[in-house]
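What's in work_2.cif: mmCIF, C-alpha atoms (C1' of nucleotides)
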```cif
data_final
#
loop_
_atom_site.label_atom_id
_atom_site.label_comp_id
_atom_site.auth_asym_id
_atom_site.auth_seq_id
_atom_site.Cartn_x
_atom_site.Cartn_y
_atom_site.Cartn_z
CA MET M 1 0.00 0.00 0.00
CA THR M 2 2.80 2.35 -0.80
CA THR M 3 0.60 4.73 -2.76
CA LYS M 4 -2.13 4.88 -0.16
CA HIS M 5 -1.19 8.36 0.87
CA THR M 6 -0.27 10.53 -2.07
CA VAL M 7 3.39 11.29 -2.36
CA LYS M 8 3.87 14.59 -4.07
CA ASN M 9 6.96 15.70 -5.94
CA LYS M 10 10.11 16.26 -3.89
CA GLY M 11 9.05 13.35 -1.70
CA GLU M 12 6.71 15.56 0.28
CA GLN M 13 4.24 13.35 2.09
CA GLN M 14 0.54 14.06 2.28
CA LEU M 15 -1.92 12.81 4.82
CA GLU M 16 -5.48 12.30 3.67
CA LEU M 17 -7.74 12.15 6.67
CA PRO M 18 -10.37 9.88 5.00
CA ARG M 19 -7.65 7.32 4.34
CA TYR M 20 -5.78 7.67 7.59
CA PHE M 21 -6.26 4.55 9.67
CA PRO M 22 -6.46 6.14 13.13
CA TYR M 23 -9.07 8.56 11.81
CA LYS M 24 -11.15 5.81 10.23
CA LEU M 25 -10.98 3.78 13.38
CA SER M 26 -12.08 6.75 15.43
CA VAL M 27 -15.05 7.46 13.17
CA LEU M 28 -16.08 3.81 13.19
CA ASN M 29 -15.83 3.67 16.95
CA THR M 30 -17.95 6.80 17.27
CA VAL M 31 -20.74 5.30 15.19
CA VAL M 32 -20.66 1.92 16.91
CA SER M 33 -20.36 3.23 20.43
CA GLN M 34 -23.12 5.77 19.89
CA SER M 35 -25.43 3.07 18.66
CA ILE M 36 -24.83 1.24 21.94
CA ALA M 37 -24.90 4.40 24.02
CA GLN M 38 -28.42 5.07 22.77
CA LEU M 39 -29.33 2.04 24.85
CA TYR M 40 -27.65 2.56 28.17
CA LEU M 41 -27.85 6.34 28.10
CA GLY M 42 -31.16 6.86 26.39
CA ARG M 43 -33.22 4.01 27.78
CA PHE M 44 -31.53 3.22 31.10
CA ASN M 45 -29.96 6.54 31.98
CA LEU M 46 -26.61 4.93 32.71
CA SER M 47 -23.25 6.48 31.87
CA ARG M 48 -20.74 4.47 29.89
CA GLN M 49 -18.83 3.86 33.12
CA GLU M 50 -21.90 2.68 34.99
CA TRP M 51 -22.88 0.43 32.11
CA ARG M 52 -19.46 -1.22 32.01
CA ILE M 53 -19.49 -1.83 35.74
CA ILE M 54 -22.95 -3.37 35.62
CA ALA M 55 -21.86 -5.55 32.73
CA ALA M 56 -18.79 -6.62 34.70
CA LEU M 57 -20.61 -7.43 37.93
CA GLY M 58 -23.51 -9.04 36.10
CA ILE M 59 -21.31 -11.85 34.99
CA GLN M 60 -18.52 -11.87 37.56
CA ARG M 61 -20.68 -11.85 40.71
CA SER M 62 -18.35 -9.62 42.73
CA MET M 63 -15.15 -7.67 42.24
CA SER M 64 -13.14 -5.02 44.03
CA ALA M 65 -12.76 -1.54 42.57
CA LYS M 66 -9.24 -2.43 41.53
CA GLU M 67 -10.39 -5.51 39.66
CA LEU M 68 -13.06 -3.40 37.98
CA VAL M 69 -10.39 -1.01 36.75
CA ALA M 70 -8.59 -3.87 35.04
CA TYR M 71 -11.73 -5.50 33.74
CA THR M 72 -13.46 -2.41 32.35
CA SER M 73 -10.48 -0.41 31.04
CA LEU M 74 -11.65 2.56 33.10
CA GLU M 75 -9.58 4.79 35.38
CA LYS M 76 -9.76 4.11 39.10
CA MET M 77 -11.33 7.51 39.63
CA GLN M 78 -14.04 6.89 37.08
CA VAL M 79 -14.72 3.55 38.72
CA SER M 80 -14.83 5.10 42.17
CA ARG M 81 -17.35 7.70 41.07
CA ALA M 82 -19.49 5.35 39.06
CA ILE M 83 -19.64 3.06 42.08
CA ALA M 84 -20.79 5.94 44.24
CA ARG M 85 -23.59 6.79 41.80
CA LEU M 86 -24.64 3.17 41.41
CA ARG M 87 -24.72 2.67 45.17
CA ASN M 88 -26.76 5.80 45.48
CA ASP M 89 -29.21 4.37 42.95
CA ASP M 90 -29.29 1.12 44.88
CA MET M 91 -27.84 -0.80 41.95
CA LEU M 92 -24.94 -2.29 43.87
CA TYR M 93 -23.66 -2.80 47.39
CA GLN M 94 -20.29 -3.07 49.09
CA GLN M 95 -18.90 -5.62 51.51
CA GLU M 96 -15.56 -5.38 53.21
CA ASP M 97 -13.19 -8.21 52.51
CA SER M 98 -12.69 -9.97 55.83
CA ASN M 99 -9.05 -10.75 55.06
CA ASP M 100 -7.98 -7.33 53.85
CA ARG M 101 -10.31 -4.55 54.83
CA ARG M 102 -8.89 -2.21 52.18
CA TYR M 103 -10.78 -4.26 49.60
CA HIS M 104 -14.44 -3.56 49.12
CA LEU M 105 -16.21 -6.33 47.32
CA LEU M 106 -18.90 -5.00 45.03
CA SER M 107 -21.98 -6.88 43.90
CA LEU M 108 -25.21 -6.05 42.09
CA THR M 109 -28.32 -5.63 44.20
CA GLU M 110 -31.54 -7.22 43.03
CA LYS M 111 -32.35 -3.93 41.30
CA GLY M 112 -28.96 -3.97 39.60
CA LYS M 113 -29.49 -7.53 38.44
CA ILE M 114 -32.88 -6.65 37.01
CA THR M 115 -31.34 -3.80 35.05
CA TYR M 116 -28.58 -6.10 33.86
CA ARG M 117 -31.08 -8.68 32.64
CA LYS M 118 -33.09 -6.04 30.83
CA ILE M 119 -30.20 -4.36 29.08
CA VAL M 120 -28.09 -7.38 28.10
CA PRO M 121 -30.41 -8.89 25.47
CA LEU M 122 -30.83 -5.48 23.87
CA ALA M 123 -27.08 -4.84 23.87
CA LEU M 124 -26.38 -8.27 22.40
CA ALA M 125 -29.03 -7.75 19.73
CA ARG M 126 -27.34 -4.54 18.68
CA GLU M 127 -23.96 -6.23 18.51
CA GLU M 128 -25.49 -9.03 16.48
CA PHE M 129 -27.11 -6.59 14.09
CA ILE M 130 -23.87 -4.71 13.54
CA LEU M 131 -21.88 -7.90 13.03
CA SER M 132 -24.49 -9.27 10.66
CA ALA M 133 -22.65 -7.18 8.09
CA LEU M 134 -20.03 -9.93 8.17
CA THR M 135 -19.94 -13.69 7.79
CA GLU M 136 -18.84 -15.74 10.78
CA GLU M 137 -15.46 -16.16 9.16
CA GLU M 138 -15.11 -12.44 8.54
CA GLN M 139 -16.03 -11.73 12.15
CA GLU M 140 -13.21 -13.94 13.32
CA GLN M 141 -10.84 -12.31 10.85
CA LEU M 142 -11.80 -8.85 12.03
CA LEU M 143 -11.25 -9.68 15.69
CA SER M 144 -7.93 -11.29 14.91
CA LEU M 145 -6.74 -8.32 12.85
CA MET M 146 -7.87 -5.90 15.53
CA GLU M 147 -5.89 -7.81 18.11
CA LYS M 148 -2.70 -7.60 16.08
CA VAL M 149 -3.16 -3.89 15.59
CA HIS M 150 -3.88 -3.48 19.27
CA ASP M 151 -0.59 -5.09 20.26
CA LYS M 152 1.41 -2.89 17.91
CA ALA M 153 -0.32 0.28 19.09
CA ASP M 154 0.40 -0.71 22.66
CA GLU M 155 4.08 -0.95 21.80
CA LEU M 156 3.98 2.49 20.21
CA GLN M 157 2.26 4.09 23.14
CA GLN M 158 4.83 2.73 25.55
CA TRP M 159 7.68 4.22 23.59
CA GLY M 160 5.95 7.61 23.43
CA MET C 1 -20.25 -17.73 16.63
CA THR C 2 -23.29 -18.84 18.52
CA THR C 3 -21.33 -19.70 21.63
CA LYS C 4 -19.35 -16.50 21.71
CA HIS C 5 -21.31 -15.16 24.61
CA THR C 6 -22.10 -17.80 27.15
CA VAL C 7 -25.73 -18.86 27.19
CA LYS C 8 -26.62 -20.02 30.66
CA ASN C 9 -29.41 -22.39 31.52
CA LYS C 10 -32.96 -21.10 31.04
CA GLY C 11 -31.76 -19.28 27.94
CA GLU C 12 -30.46 -16.39 30.02
CA GLN C 13 -27.97 -14.44 27.96
CA GLN C 14 -24.68 -13.21 29.33
CA LEU C 15 -22.55 -10.40 28.06
CA GLU C 16 -18.81 -10.68 28.56
CA LEU C 17 -17.23 -7.28 28.19
CA PRO C 18 -13.85 -8.60 26.94
CA ARG C 19 -15.65 -10.38 24.11
CA TYR C 20 -18.17 -7.69 23.31
CA PHE C 21 -17.37 -6.14 19.95
CA PRO C 22 -18.28 -2.51 20.72
CA TYR C 23 -16.13 -2.69 23.85
CA LYS C 24 -13.16 -4.16 22.02
CA LEU C 25 -13.46 -1.56 19.32
CA SER C 26 -13.57 1.20 21.90
CA VAL C 27 -10.48 -0.09 23.70
CA LEU C 28 -8.60 -0.46 20.44
CA ASN C 29 -9.56 3.04 19.40
CA THR C 30 -8.39 4.42 22.72
CA VAL C 31 -4.97 2.87 22.34
CA VAL C 32 -4.53 3.89 18.71
CA SER C 33 -5.85 7.40 19.07
CA GLN C 34 -3.78 8.02 22.18
CA SER C 35 -0.67 6.95 20.37
CA ILE C 36 -1.44 9.61 17.75
CA ALA C 37 -2.58 12.16 20.30
CA GLN C 38 0.84 11.96 21.94
CA LEU C 39 2.04 13.62 18.77
CA TYR C 40 -0.36 16.47 18.14
CA LEU C 41 -1.09 17.11 21.80
CA GLY C 42 2.26 16.39 23.36
CA ARG C 43 4.64 17.73 20.76
CA PHE C 44 2.57 20.34 18.91
CA ASN C 45 0.07 21.35 21.56
CA LEU C 46 -2.84 20.93 19.17
CA SER C 47 -6.24 19.58 20.15
CA ARG C 48 -7.73 16.70 18.19
CA GLN C 49 -10.03 19.19 16.47
CA GLU C 50 -7.19 21.52 15.55
CA TRP C 51 -5.12 18.64 14.26
CA ARG C 52 -7.92 17.41 12.02
CA ILE C 53 -8.48 20.86 10.58
CA ILE C 54 -4.81 21.35 9.86
CA ALA C 55 -4.71 17.94 8.23
CA ALA C 56 -7.74 18.86 6.12
CA LEU C 57 -6.47 22.24 4.99
CA GLY C 58 -2.96 20.95 4.48
CA ILE C 59 -4.12 18.85 1.59
CA GLN C 60 -7.25 20.60 0.43
CA ARG C 61 -5.84 24.12 0.16
CA SER C 62 -9.01 25.88 1.35
CA MET C 63 -12.44 24.98 2.63
CA SER C 64 -15.36 26.64 4.35
CA ALA C 65 -16.30 25.74 7.92
CA LYS C 66 -19.21 23.73 6.59
CA GLU C 67 -16.97 21.70 4.34
CA LEU C 68 -14.63 21.12 7.26
CA VAL C 69 -17.53 19.71 9.27
CA ALA C 70 -18.17 17.12 6.57
CA TYR C 71 -14.51 16.39 5.96
CA THR C 72 -13.38 16.02 9.57
CA SER C 73 -16.45 14.39 11.17
CA LEU C 74 -16.49 17.15 13.76
CA GLU C 75 -19.48 19.20 14.94
CA LYS C 76 -19.87 22.66 13.50
CA MET C 77 -19.35 24.13 16.95
CA GLN C 78 -16.11 22.27 17.48
CA VAL C 79 -14.97 23.44 14.08
CA SER C 80 -15.92 27.01 14.81
CA ARG C 81 -13.98 27.02 18.06
CA ALA C 82 -10.96 25.25 16.69
CA ILE C 83 -10.87 27.78 13.85
CA ALA C 84 -10.92 30.62 16.35
CA ARG C 85 -8.02 29.15 18.27
CA LEU C 86 -6.02 28.41 15.12
CA ARG C 87 -6.58 31.93 13.79
CA ASN C 88 -5.49 33.28 17.13
CA ASP C 89 -2.31 31.21 16.86
CA ASP C 90 -1.79 32.52 13.33
CA MET C 91 -2.11 29.03 11.88
CA LEU C 92 -4.86 29.88 9.42
CA TYR C 93 -6.65 32.84 7.88
CA GLN C 94 -10.11 33.57 6.54
CA GLN C 95 -11.28 35.11 3.29
CA GLU C 96 -14.86 35.94 2.48
CA ASP C 97 -16.27 34.22 -0.54
CA SER C 98 -17.01 36.99 -3.04
CA ASN C 99 -20.12 35.25 -4.36
CA ASP C 100 -21.74 34.42 -1.02
CA ARG C 101 -20.39 36.36 1.90
CA ARG C 102 -21.77 33.89 4.40
CA TYR C 103 -18.96 31.52 3.41
CA HIS C 104 -15.53 32.06 4.90
CA LEU C 105 -12.80 30.30 3.01
CA LEU C 106 -10.14 29.02 5.35
CA SER C 107 -6.51 28.38 4.45
CA LEU C 108 -3.31 27.61 6.29
CA THR C 109 -0.90 30.45 6.86
CA GLU C 110 2.79 29.88 6.27
CA LYS C 111 3.07 29.01 9.96
CA GLY C 112 0.22 26.54 9.60
CA LYS C 113 1.85 24.94 6.59
CA ILE C 114 5.13 24.57 8.44
CA THR C 115 3.35 22.82 11.29
CA TYR C 116 1.55 20.59 8.81
CA ARG C 117 4.80 19.61 7.15
CA LYS C 118 6.42 18.85 10.48
CA ILE C 119 3.62 16.76 11.88
CA VAL C 120 2.57 14.77 8.81
CA PRO C 121 5.67 12.58 8.43
CA LEU C 122 5.54 11.76 12.13
CA ALA C 123 1.83 10.93 11.98
CA LEU C 124 2.33 8.75 8.91
CA ALA C 125 5.24 6.98 10.56
CA ARG C 126 3.04 6.11 13.49
CA GLU C 127 0.31 4.80 11.25
CA GLU C 128 2.85 2.75 9.36
CA PHE C 129 4.26 1.31 12.56
CA ILE C 130 0.84 0.32 13.82
CA LEU C 131 -0.15 -1.23 10.51
CA SER C 132 3.15 -3.08 10.26
CA ALA C 133 1.39 -5.61 12.48
CA LEU C 134 -0.41 -6.68 9.30
CA THR C 135 0.53 -7.74 5.80
CA GLU C 136 -0.61 -5.54 2.93
CA GLU C 137 -3.38 -7.99 2.24
CA GLU C 138 -4.53 -8.01 5.84
CA GLN C 139 -4.56 -4.22 5.87
CA GLU C 140 -6.91 -4.19 2.93
CA GLN C 141 -9.07 -6.84 4.57
CA LEU C 142 -9.25 -4.88 7.78
CA LEU C 143 -10.30 -1.68 6.04
CA SER C 144 -12.90 -3.53 4.01
CA LEU C 145 -14.35 -5.26 7.08
CA MET C 146 -14.41 -1.98 8.99
CA GLU C 147 -16.34 -0.37 6.18
CA LYS C 148 -19.00 -3.07 6.20
CA VAL C 149 -19.40 -2.77 9.95
CA HIS C 150 -19.56 0.99 9.64
CA ASP C 151 -22.47 0.83 7.21
CA LYS C 152 -24.45 -1.52 9.44
CA ALA C 153 -23.84 0.58 12.54
CA ASP C 154 -24.99 3.64 10.61
CA GLU C 155 -28.24 1.85 9.86
CA LEU C 156 -28.70 0.97 13.50
CA GLN C 157 -28.05 4.46 14.71
CA GLN C 158 -30.62 5.88 12.33
CA TRP C 159 -33.31 3.57 13.61
CA GLY C 160 -32.48 4.46 17.22
"C1'" DT Y 1 6.39 2.45 53.33
"C1'" DA Y 2 3.09 0.59 49.93
"C1'" DT Y 3 -1.61 -0.20 48.50
"C1'" DT Y 4 -6.82 0.48 48.06
"C1'" DG Y 5 -9.92 3.62 47.42
"C1'" DT Y 6 -11.94 8.59 47.88
"C1'" DT Y 7 -12.01 13.43 47.32
"C1'" DA Y 8 -10.57 18.21 45.61
"C1'" DT Y 9 -9.54 21.01 42.04
"C1'" DA Y 10 -9.19 22.94 37.78
"C1'" DC Y 11 -9.66 22.16 33.22
"C1'" DT Y 12 -11.64 20.57 29.00
"C1'" DC Y 13 -15.20 18.71 26.26
"C1'" DT Y 14 -20.02 18.28 25.02
"C1'" DA Y 15 -24.95 19.21 23.88
"C1'" DT Y 16 -28.60 22.32 23.22
"C1'" DA Y 17 -29.93 26.11 21.58
"C1'" DA Y 18 -30.07 31.02 20.97
"C1'" DC Y 19 -27.99 34.37 18.23
"C1'" DT Y 20 -25.90 37.30 14.03
"C1'" DA Y 21 -25.11 37.93 9.23
"C1'" DT Y 22 -26.15 37.03 4.92
"C1'" DA Y 23 -29.11 35.22 1.23
"C1'" DT N 1 -37.64 31.81 5.52
"C1'" DA N 2 -33.29 29.27 5.14
"C1'" DT N 3 -28.36 28.85 5.60
"C1'" DA N 4 -23.36 29.78 7.46
"C1'" DG N 5 -21.24 30.52 11.26
"C1'" DT N 6 -20.71 32.27 16.31
"C1'" DT N 7 -21.63 32.59 21.07
"C1'" DA N 8 -23.80 31.37 25.72
"C1'" DT N 9 -24.58 28.24 29.04
"C1'" DA N 10 -24.72 24.41 31.81
"C1'" DG N 11 -23.54 19.86 32.48
"C1'" DA N 12 -20.45 15.99 31.89
"C1'" DG N 13 -16.11 14.16 31.61
"C1'" DT N 14 -10.90 14.39 32.45
"C1'" DA N 15 -6.25 14.66 34.62
"C1'" DT N 16 -3.33 15.50 38.49
"C1'" DA N 17 -2.69 14.94 42.70
"C1'" DA N 18 -3.60 15.16 47.55
"C1'" DC N 19 -5.81 12.49 50.99
"C1'" DA N 20 -7.63 8.64 54.38
"C1'" DA N 21 -7.61 3.97 55.77
"C1'" DT N 22 -5.41 -0.24 55.99
"C1'" DA N 23 -1.63 -3.29 55.53
#
```
Written as structure tokens, how would this file's structure read?
Amino acid sequence: MTTKHTVKNKGEQQLELPRYFPYKLSVLNTVVSQSIAQLYLGRFNLSRQEWRIIAALGIQRSMSAKELVAYTSLEKMQVSRAIARLRNDDMLYQQEDSNDRRYHLLSLTEKGKITYRKIVPLALAREEFILSALTEEEQEQLLSLMEKVHDKADELQQWG
Amino acid sequence: MTTKHTVKNKGEQQLELPRYFPYKLSVLNTVVSQSIAQLYLGRFNLSRQEWRIIAALGIQRSMSAKELVAYTSLEKMQVSRAIARLRNDDMLYQQEDSNDRRYHLLSLTEKGKITYRKIVPLALAREEFILSALTEEEQEQLLSLMEKVHDKADELQQWG
DNA sequence: TATTGTTATACTCTATAACTATA
DNA sequence: TATAGTTATAGAGTATAACAATA
């Protein structure tokens, strides 16, 4: 793909936004994530952070805030605040870990579980609709390619 | 991929964040876009909006604010504000369109062009590094798959 | 002294919409 | 009345870092 970005005379390089991979990825992510956000924001009045935490605890039973940070790719501050809001809305509750009282084990309340059970089928249906653009084989290809790109980008970010 | 998300007994559906496509896409986008943002933010002190506008005008010579909205996938308000900041920094200048004075044609100043020429090779190098995770063929596959997914997600968003 | 988690602060980004000017 | 672009405003999100509690 050496001619993907036009190379003008004198070897001057051009960057065409509509063909620039990070731009395309960003635009795609915006469209996809907004189509999901319509659900948790519009219909359930949850922030992205709250939605991720509910999704995490819905399947994992209980986690500490630190584990949630790792599992949801959110910052510890975002997690801390989302937890506070969700507790305030009676969606989850805390227990102290008896071994190490710095850990607060978080679990969904019955209300949180009900929300989880309502939102999950809708979220999965949206994913399924979006991925119906691809065959099963293409879906696997896409995920595999994304993973490779992810690893390389990680490398880049670490080097600054 | 019918077993991708675990289906528990009683047909209750589960959603595993690490396997959920919109989540994976979002995480990938975060990593990739941050690796580019290190450039325009860290080294050139440009916002994402400013960077996109410079990239647009660097190759397109001159555009109106409305055209920039379409070209950069930014909101007209973001464009308006980024233009104000860039004009203030003497990176671009406005001319009124003689036919329709509502249109302001925007172009890079010499300073803007110098910035563009400095940043573009670095931005392209980062893209190239990231995509070096893939063969040429895989790159084309990835872009093609992303486009299909994009179209479907567009559909979904329009239906709400 | 290190770790888990919370809070303070200031800053930026965003969304909605009102507004100006041109047509 | 419609369009291009700007400005106002308030709310949400973000980053840095200080802080408390526990180990």
Chain M residues near chain Y (10 Å cut-off, all atoms listed in the file) as an mmCIF file with C-alpha atoms, in the coordinates of the input:
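Full text of selection.cif as output:
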```cif
data_model
loop_
_atom_site.group_PDB
_atom_site.id
_atom_site.type_symbol
_atom_site.label_atom_id
_atom_site.label_comp_id
_atom_site.auth_asym_id
_atom_site.auth_seq_id
_atom_site.Cartn_x
_atom_site.Cartn_y
_atom_site.Cartn_z
ATOM 1 C CA SER M 64 -13.140 -5.020 44.030
ATOM 2 C CA ALA M 65 -12.760 -1.540 42.570
ATOM 3 C CA LYS M 66 -9.240 -2.430 41.530
ATOM 4 C CA LYS M 76 -9.760 4.110 39.100
ATOM 5 C CA MET M 77 -11.330 7.510 39.630
ATOM 6 C CA VAL M 79 -14.720 3.550 38.720
ATOM 7 C CA SER M 80 -14.830 5.100 42.170
ATOM 8 C CA ARG M 81 -17.350 7.700 41.070
ATOM 9 C CA ALA M 84 -20.790 5.940 44.240
ATOM 10 C CA ASP M 100 -7.980 -7.330 53.850
ATOM 11 C CA ARG M 101 -10.310 -4.550 54.830
ATOM 12 C CA ARG M 102 -8.890 -2.210 52.180
ATOM 13 C CA TYR M 103 -10.780 -4.260 49.600
ATOM 14 C CA HIS M 104 -14.440 -3.560 49.120
#
```
Could you give me, as an MDAnalysis selection string, the residues within 8 Å of C:Ile54, counting all atoms listed in the file and dropping anything in the same chain fewer than 5 positions from it? chainID C and resid 108 112 116
Hey, which bits of chain C sit within 8 Å of chain M, and for each residue what's the closest pair of atoms and how far apart in Å (one decimal), counting only C-alpha atoms, rows by chain and increasing number, as a tab-separated table?
```
residue	atom	partner	partner_atom	distance
C:Met1	CA	M:Glu136	CA	6.3
C:Gln13	CA	M:Pro121	CA	6.6
C:Gln14	CA	M:Ile59	CA	6.7
C:Leu15	CA	M:Val120	CA	6.3
C:Glu16	CA	M:Ile59	CA	7.0
C:Leu17	CA	M:Ala55	CA	6.7
C:Pro18	CA	M:Tyr71	CA	7.8
C:Tyr20	CA	M:Glu127	CA	7.7
C:Phe21	CA	M:Glu127	CA	6.7
C:Pro22	CA	M:Ser33	CA	6.1
C:Leu25	CA	M:Asn29	CA	6.2
C:Ser26	CA	M:Asn29	CA	6.0
C:Val27	CA	M:Ser73	CA	7.3
C:Leu28	CA	M:His150	CA	5.7
C:Asn29	CA	M:Ser26	CA	6.0
C:Val31	CA	M:Ala153	CA	6.2
C:Val32	CA	M:Ala153	CA	5.6
C:Ser33	CA	M:Pro22	CA	6.1
C:Gln34	CA	M:Gln157	CA	7.3
C:Ser35	CA	M:Gln157	CA	4.9
C:Ile36	CA	M:Pro22	CA	7.7
C:Gln38	CA	M:Gly160	CA	6.9
C:Arg52	CA	M:Leu17	CA	7.5
C:Ala55	CA	M:Leu17	CA	6.7
C:Ala56	CA	M:Leu17	CA	6.7
C:Ile59	CA	M:Gln14	CA	6.7
C:Tyr71	CA	M:Pro18	CA	7.8
C:Thr72	CA	M:Leu17	CA	7.4
C:Ser73	CA	M:Val27	CA	7.3
C:Val120	CA	M:Leu15	CA	6.3
C:Pro121	CA	M:Gln13	CA	6.5
C:Leu124	CA	M:Leu15	CA	7.2
C:Arg126	CA	M:Leu156	CA	7.7
C:Glu127	CA	M:Phe21	CA	6.8
C:Phe129	CA	M:Lys152	CA	7.4
C:Ile130	CA	M:Lys152	CA	5.2
C:Leu131	CA	M:Val149	CA	6.5
C:Ser132	CA	M:Lys152	CA	7.8
C:Ala133	CA	M:Val149	CA	5.8
C:Leu134	CA	M:Lys148	CA	7.2
C:Glu136	CA	M:Met1	CA	6.3
C:Glu138	CA	M:Leu145	CA	7.4
C:Leu142	CA	M:Leu142	CA	6.4
C:Leu145	CA	M:Leu142	CA	6.6
C:Met146	CA	M:Leu28	CA	7.3
C:Lys148	CA	M:Ala133	CA	5.8
C:Val149	CA	M:Ala133	CA	5.8
C:His150	CA	M:Leu28	CA	5.7
C:Lys152	CA	M:Ile130	CA	5.2
C:Ala153	CA	M:Ile130	CA	5.4
C:Asp154	CA	M:Val31	CA	6.5
C:Leu156	CA	M:Ser35	CA	6.5
C:Gln157	CA	M:Ser35	CA	4.9
C:Gly160	CA	M:Gln38	CA	6.9
```
I need the chosen residues saved as a short mmCIF file (atom, residue, chain, number, x, y, z; two decimals), in the coordinates of the input, with C-alpha atoms.
```cif
data_model
loop_
_atom_site.label_atom_id
_atom_site.label_comp_id
_atom_site.auth_asym_id
_atom_site.auth_seq_id
_atom_site.Cartn_x
_atom_site.Cartn_y
_atom_site.Cartn_z
CA MET C 1 -20.25 -17.73 16.63
CA GLN C 13 -27.97 -14.44 27.96
CA GLN C 14 -24.68 -13.21 29.33
CA LEU C 15 -22.55 -10.40 28.06
CA GLU C 16 -18.81 -10.68 28.56
CA LEU C 17 -17.23 -7.28 28.19
CA PRO C 18 -13.85 -8.60 26.94
CA TYR C 20 -18.17 -7.69 23.31
CA PHE C 21 -17.37 -6.14 19.95
CA PRO C 22 -18.28 -2.51 20.72
CA LEU C 25 -13.46 -1.56 19.32
CA SER C 26 -13.57 1.20 21.90
CA VAL C 27 -10.48 -0.09 23.70
CA LEU C 28 -8.60 -0.46 20.44
CA ASN C 29 -9.56 3.04 19.40
CA VAL C 31 -4.97 2.87 22.34
CA VAL C 32 -4.53 3.89 18.71
CA SER C 33 -5.85 7.40 19.07
CA GLN C 34 -3.78 8.02 22.18
CA SER C 35 -0.67 6.95 20.37
CA ILE C 36 -1.44 9.61 17.75
CA GLN C 38 0.84 11.96 21.94
CA ARG C 52 -7.92 17.41 12.02
CA ALA C 55 -4.71 17.94 8.23
CA ALA C 56 -7.74 18.86 6.12
CA ILE C 59 -4.12 18.85 1.59
CA TYR C 71 -14.51 16.39 5.96
CA THR C 72 -13.38 16.02 9.57
CA SER C 73 -16.45 14.39 11.17
CA VAL C 120 2.57 14.77 8.81
CA PRO C 121 5.67 12.58 8.43
CA LEU C 124 2.33 8.75 8.91
CA ARG C 126 3.04 6.11 13.49
CA GLU C 127 0.31 4.80 11.25
CA PHE C 129 4.26 1.31 12.56
CA ILE C 130 0.84 0.32 13.82
CA LEU C 131 -0.15 -1.23 10.51
CA SER C 132 3.15 -3.08 10.26
CA ALA C 133 1.39 -5.61 12.48
CA LEU C 134 -0.41 -6.68 9.30
CA GLU C 136 -0.61 -5.54 2.93
CA GLU C 138 -4.53 -8.01 5.84
CA LEU C 142 -9.25 -4.88 7.78
CA LEU C 145 -14.35 -5.26 7.08
CA MET C 146 -14.41 -1.98 8.99
CA LYS C 148 -19.00 -3.07 6.20
CA VAL C 149 -19.40 -2.77 9.95
CA HIS C 150 -19.56 0.99 9.64
CA LYS C 152 -24.45 -1.52 9.44
CA ALA C 153 -23.84 0.58 12.54
CA ASP C 154 -24.99 3.64 10.61
CA LEU C 156 -28.70 0.97 13.50
CA GLN C 157 -28.05 4.46 14.71
CA GLY C 160 -32.48 4.46 17.22
#
```
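Atom C1' of N:DA10 is positioned 20.3 Å from atom CA of M:Arg85.
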Atomic separation - atom CA of M:Tyr40 relative to atom CA of M:Leu86, Å: 13.6 Å
Name the residues that the PyMOL selection byres ((chain N) within 9 of (chain M)) picks from the file above, as a ChimeraX atom specification, using the file's chain letters and numbers. /N:21-23
